[in-house]
Each structure stands twice: as structure tokens, then as C-alpha cells.
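Trainee: Structure below; questions to follow.
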Amino acid sequence: MPIPKAHYGGRHTVTLLPGAGIGPELMNYVKEVFSYAGVPVDFEDVDIDPNADDNVDLDFAITSIRRNGVALKGNIETRSTEAEVLSRNVALRNQLDLYVNVLHCVSYPGVNSRHKNIDIVIVRQNTEGEYAMLEHESVKGVVESMKVITSSNSERVARYAFEYAKRNGRKKVTTVHKANIMKLSDGLFLETSKRVAKDYPDIVHNDMIIDNTCMQLVSNPHQFDIVLTTNLYGAIVSNVVCGLLGGAGLLAGKNFGDHYTIFEPGTRNTGTSIAGKNVANPIAMLNAAVDMLRHLGHKNHAALIQNAINKTINQGIHTRDLGGQATSREVVDSIMKHIKIASN
Ligand code: ATP
């Protein structure tokens, strides 16, 4: 279990990485709501310059997370064109060994969507696969990209999925892969999950090819309980399910390792084109902040803010990504109104 580290005088200190695009404005809403609700959390803000050709800011962010144990994060941009400057989002997950991403996708009754009552947990390997970032041009016009799958990481993430199922009364784990084509790499991931499944006889295990999974998710999502998958397929499947439930602005994801945890919006978007316009949906980042409070043990504050979020959504106070007309500000004001009512 990851252990929250920085806890002085009853208050937690958390690293805050606003990132680019809509990240900074969404973080300001989180700070405002936390302060309004009297949440005992202090933030250590770390900005990462997207244009930097070095990793000084990134190293500082990693040091801060190692000290605090926990971070809340927007999407970090890496604009440098230098080939050796790799995606900082990926580097952060790799260096902190955040080997699993968990996205719990539950329908909001107040949001219009094609399917109702969806409840799917996506457990995604978070540090390898196509995200190994090992690419090179072997001869002009021929680029090779290495996909790395290891049995140790496949086993950790499979075990995480089955343990999650056991702890949370879930009935089924579906391993999603493309082992019919990538026989060695995805084959190893699939075989490892089958081996781990044997230790959990009470949990049903099946598997499905990624392309069919996308079709099944759109046509019959209720057949899924826990989806266990590799890094890239996890990114795709997460976006499909978030899209089914209401888009990029609603759900939050968690990145776990053995020591550190990062909370962030589920689909990890930057939202550059909507930044600074008072239209971004603040809910996904606020949900990430609520998950973080639960993780830190601040259950009452988490419940207070969660209820205020749910009431706001179910009352139809929606930003335009959900088909509404409310501004980001109006959504946040409504959440604070519900916090006030519940606190009186
Ligand atoms: P880019 O690097 O171009 O920003 P991306 O993969 O991060 O790409 P975005 O384009 O940022 O993805 O986001 C995908 C879509 O989701 C966009 O239409 C964006 O406006 C929308 N979106 C992302 N986050 C939110 C949000 N919080 N509220 C409303 N819409 C959002």
C-alpha cells in the first residue's frame, strides 16, 4: 500500500503539478473548494516549463513527490523538439514506478449518455508497452519503435486487478490484448494474467481482443466489470468509456506504485483550445482531488465535496461538453453552495 508521507500537525502536504492548457485554472478551482470546505491539505506547486530542453523542473517535481508521497496533476506538455527530451508525463510515471493506472467509470444519472448504469474499472499497465519511448530511425525512412512487455510488470498489474476485484466485491476480470497478432509481447501479458487468475478461483476471468473490446464497449458495455490491459490499449479503452459516460471533463484516474500516488483527470487531456475561456468542465479535476482526499484518509471532507459535486451534476448544472450552458465558474459556485448547505 502506498503510504502518504508528508503529514505535519494534522495537515497533509501534496505536490501540485498544474501542467498546461486548462490545468492551472482547474487547480485554482480545487484550491478554492478545498479552502472553502476547510480541507487540511497544503499544496506545494511545481511548474514544469514545456519549452525547457532540460529536465531540471521535472527532477524538482519528482523530488517533491518523493517527499510528499502524493500529487495532484494536470497534463504536462513537452514542446521541446530535441529528440532526447521525452514526454514528461511518461517520465514521471516511469521514474516513480507508478505501474498501475485505475479508472473507475461510473455513470452519473444526471448526465445524458447512450448507456445508463455503467460501472467499469479499467486497470491499465502504466509504465511500459508502446510507451517505452524507445524509437529510432534505423535507416532513412525506416523508424523502429520498441514495445516492451515484462512478466514482472504484467504480473504486478494482473495481481492488482484481481486483488482489487477481491477487495471490492467485483465478479469478473477481462484481459484486453492483441495476442493473436503480437504473439510474444501481448501473449506474455495474456498468459501472465491467466496464471494469476488461477490464484483467484472465485473471480471469473476471460479475455478479449482490443478491437472487439472497443466495439463491445460501445454496443454492450454492461458485460464488463474489470478491464485489465496494457498501456496503449488502456489509453484507448479509457477514452472510449469516458466518451460513453460524458467525455473528458468528468472522470478521474489514479496512478499507483508501491510508494507514490498521482491523481489526475481520467483522460489526461491538455485542453489547450478551451483554456482561459471559463468553459472547461472542472469536475474531473475535482473528482481527482476527492480521490486524493480519500487516499489521505480525509473521509469526511471527501464525502462533503463528492456530494456537492453529485448534486451539482444531477441538478443539470453542466458545462457545454455535457450539453449544458454553465460556465466553469457557475459549476464551482454551485459546488460551494452545496458545501455550505451541508456544513450548516
Ligand atoms: P492537445 O495536446 O491538443 O491539447 P489532448 O490529447 O490533450 O490534445 P485535448 O485536445 O486537450 O486532448 O482534449 C480532447 C478534447 O476534450 C478536446 O475537445 C478538449 O476541448 C476536450 N476537453 C478536455 N478536457 C476537458 C474539460 N475539462 N472540459 C471540457 N472539455 C474538455
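By order in the C-alpha cells, chains are A, B, ...; within a chain, residues start at 1; ligands start at 1, following the order shown.
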Quick one: residues within 9 Å of ligand 1, with only C-alpha atoms and all ligand atoms, as number ranges by chain?
Mentor: A: 20-23, 26, 75, 77, 247-250, 265, 267-275, 279-285, 319-322, 328
Trainee: What residues in range 23-60 of chain A get the DSSP label strand (DSSP E or B)? Please answer as a count of residues only.
Mentor: 5
Trainee: List as an MDAnalysis selection string the protein and nucleic acid residues near range 134-140 of chain A, meaning an atom at most 12 Å away when only C-alpha atoms are counted, but skip any in the same chain fewer than 4 places from it.
Mentor: chainID A and resid 83:84 86:87 128:130 144:148
Trainee: I want to know what sits within 10 Å of Asp119 in chain A, based on only C-alpha atoms, with residues of the same chain fewer than 4 positions away left out; could you give that as a list of chain:residue names?
Mentor: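 That gives A:His104, A:Cys105, A:Val106, A:Ser107, A:Pro221, A:His222, A:Gln223, A:Phe224, A:Asp225, A:Ile226, A:Val241, A:Leu245.
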Trainee: Please return, as a list of chain:residue names, all residues of range 124-195 of chain A that DSSP assigns to helix (DSSP H, G or I) on the basis of the backbone.
Mentor: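 So the helix (DSSP H, G or I) residues in range 124-195 of chain A would be A:Ser151, A:Ser152, A:Asn153, A:Ser154, A:Glu155, A:Arg156, A:Val157, A:Ala158, A:Arg159, A:Tyr160, A:Ala161, A:Phe162, A:Glu163, A:Tyr164, A:Ala165, A:Lys166, A:Arg167, A:Ser185, A:Asp186, A:Gly187, A:Leu188, A:Phe189, A:Leu190, A:Glu191, A:Thr192, A:Ser193, A:Lys194, A:Arg195.
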Trainee: Please produce a file of the residues just selected, as an mmCIF file, in the first residue's frame, where the atoms kept are C-alpha atoms.
Mentor:
data_model
loop_
_atom_site.group_PDB
_atom_site.id
_atom_site.type_symbol
_atom_site.label_atom_id
_atom_site.label_comp_id
_atom_site.auth_asym_id
_atom_site.auth_seq_id
_atom_site.Cartn_x
_atom_site.Cartn_y
_atom_site.Cartn_z
ATOM 1 C CA SER A 151 6.444 -10.696 -16.977
ATOM 2 C CA SER A 152 7.192 -8.880 -13.705
ATOM 3 C CA ASN A 153 5.145 -5.793 -14.625
ATOM 4 C CA SER A 154 2.415 -7.921 -16.240
ATOM 5 C CA GLU A 155 2.177 -9.909 -13.031
ATOM 6 C CA ARG A 156 2.049 -6.841 -10.747
ATOM 7 C CA VAL A 157 -0.763 -5.248 -12.719
ATOM 8 C CA ALA A 158 -2.696 -8.526 -13.048
ATOM 9 C CA ARG A 159 -2.395 -9.136 -9.332
ATOM 10 C CA TYR A 160 -3.539 -5.569 -8.690
ATOM 11 C CA ALA A 161 -6.659 -6.192 -10.818
ATOM 12 C CA PHE A 162 -7.576 -9.446 -9.085
ATOM 13 C CA GLU A 163 -6.859 -8.080 -5.611
ATOM 14 C CA TYR A 164 -8.994 -5.047 -6.469
ATOM 15 C CA ALA A 165 -11.779 -7.414 -7.548
ATOM 16 C CA LYS A 166 -11.499 -9.385 -4.304
ATOM 17 C CA ARG A 167 -11.466 -6.294 -2.065
ATOM 18 C CA SER A 185 4.506 -9.341 -26.231
ATOM 19 C CA ASP A 186 0.734 -9.367 -25.736
ATOM 20 C CA GLY A 187 0.982 -13.146 -25.473
ATOM 21 C CA LEU A 188 3.144 -12.736 -22.366
ATOM 22 C CA PHE A 189 0.694 -10.227 -20.874
ATOM 23 C CA LEU A 190 -2.245 -12.567 -21.520
ATOM 24 C CA GLU A 191 -0.518 -15.718 -20.289
ATOM 25 C CA THR A 192 0.618 -13.940 -17.126
ATOM 26 C CA SER A 193 -2.929 -12.792 -16.377
ATOM 27 C CA LYS A 194 -4.210 -16.350 -16.922
ATOM 28 C CA ARG A 195 -1.609 -17.642 -14.478
#
Trainee: With distances taken over only C-alpha atoms, which residue among A:Val240, A:Leu251, A:Ala132, A:Val176 lies nearest Asn212 in chain A?
Mentor: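 Closest to Asn212 in chain A, using only C-alpha atoms: A:Val176.
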Trainee: Env of Gly257 in chain A: 6 Å cut, atoms = only C-alpha atoms, seq-sep filter 4 positions within chain, self excluded. Answer as an MDAnalysis selection string.
Mentor: chainID A and resid 97:99
Trainee: Find the residues around range 288-298 of chain A up to 7 Å (only C-alpha atoms counted), leave out those fewer than 3 positions away in its own chain, and share them as a PyMOL selection string.
Mentor: chain A and resi 4+72+252-253+263-265+284-285+301-302+305-306
Trainee: What's the 9 Å shell around Gly10 in chain A, counting only C-alpha atoms, without same-chain residues fewer than 2 positions away, as a JSON list (two decimals) with N, CA, C and O atoms, in the first residue's frame?
Mentor:
[["chain", "number", "residue", "atom", "x", "y", "z"],
["A", 7, "HIS", "N", 2.94, 14.72, 6.54],
["A", 7, "HIS", "CA", 1.77, 14.87, 7.41],
["A", 7, "HIS", "C", 2.22, 15.59, 8.67],
["A", 7, "HIS", "O", 2.63, 14.98, 9.64],
["A", 8, "TYR", "N", 2.16, 16.92, 8.63],
["A", 8, "TYR", "CA", 2.67, 17.70, 9.76],
["A", 8, "TYR", "C", 1.51, 18.38, 10.46],
["A", 8, "TYR", "O", 0.72, 19.07, 9.82],
["A", 12, "HIS", "N", -1.83, 17.52, 5.58],
["A", 12, "HIS", "CA", -1.02, 16.87, 4.57],
["A", 12, "HIS", "C", -0.46, 17.91, 3.60],
["A", 12, "HIS", "O", -1.13, 18.88, 3.29],
["A", 40, "PRO", "N", -7.76, 20.09, 5.35],
["A", 40, "PRO", "CA", -6.42, 20.26, 5.92],
["A", 40, "PRO", "C", -5.30, 19.77, 4.99],
["A", 40, "PRO", "O", -4.58, 18.82, 5.31],
["A", 41, "VAL", "N", -5.21, 20.37, 3.82],
["A", 41, "VAL", "CA", -4.18, 19.99, 2.85],
["A", 41, "VAL", "C", -3.48, 21.26, 2.37],
["A", 41, "VAL", "O", -4.12, 22.25, 2.05]]
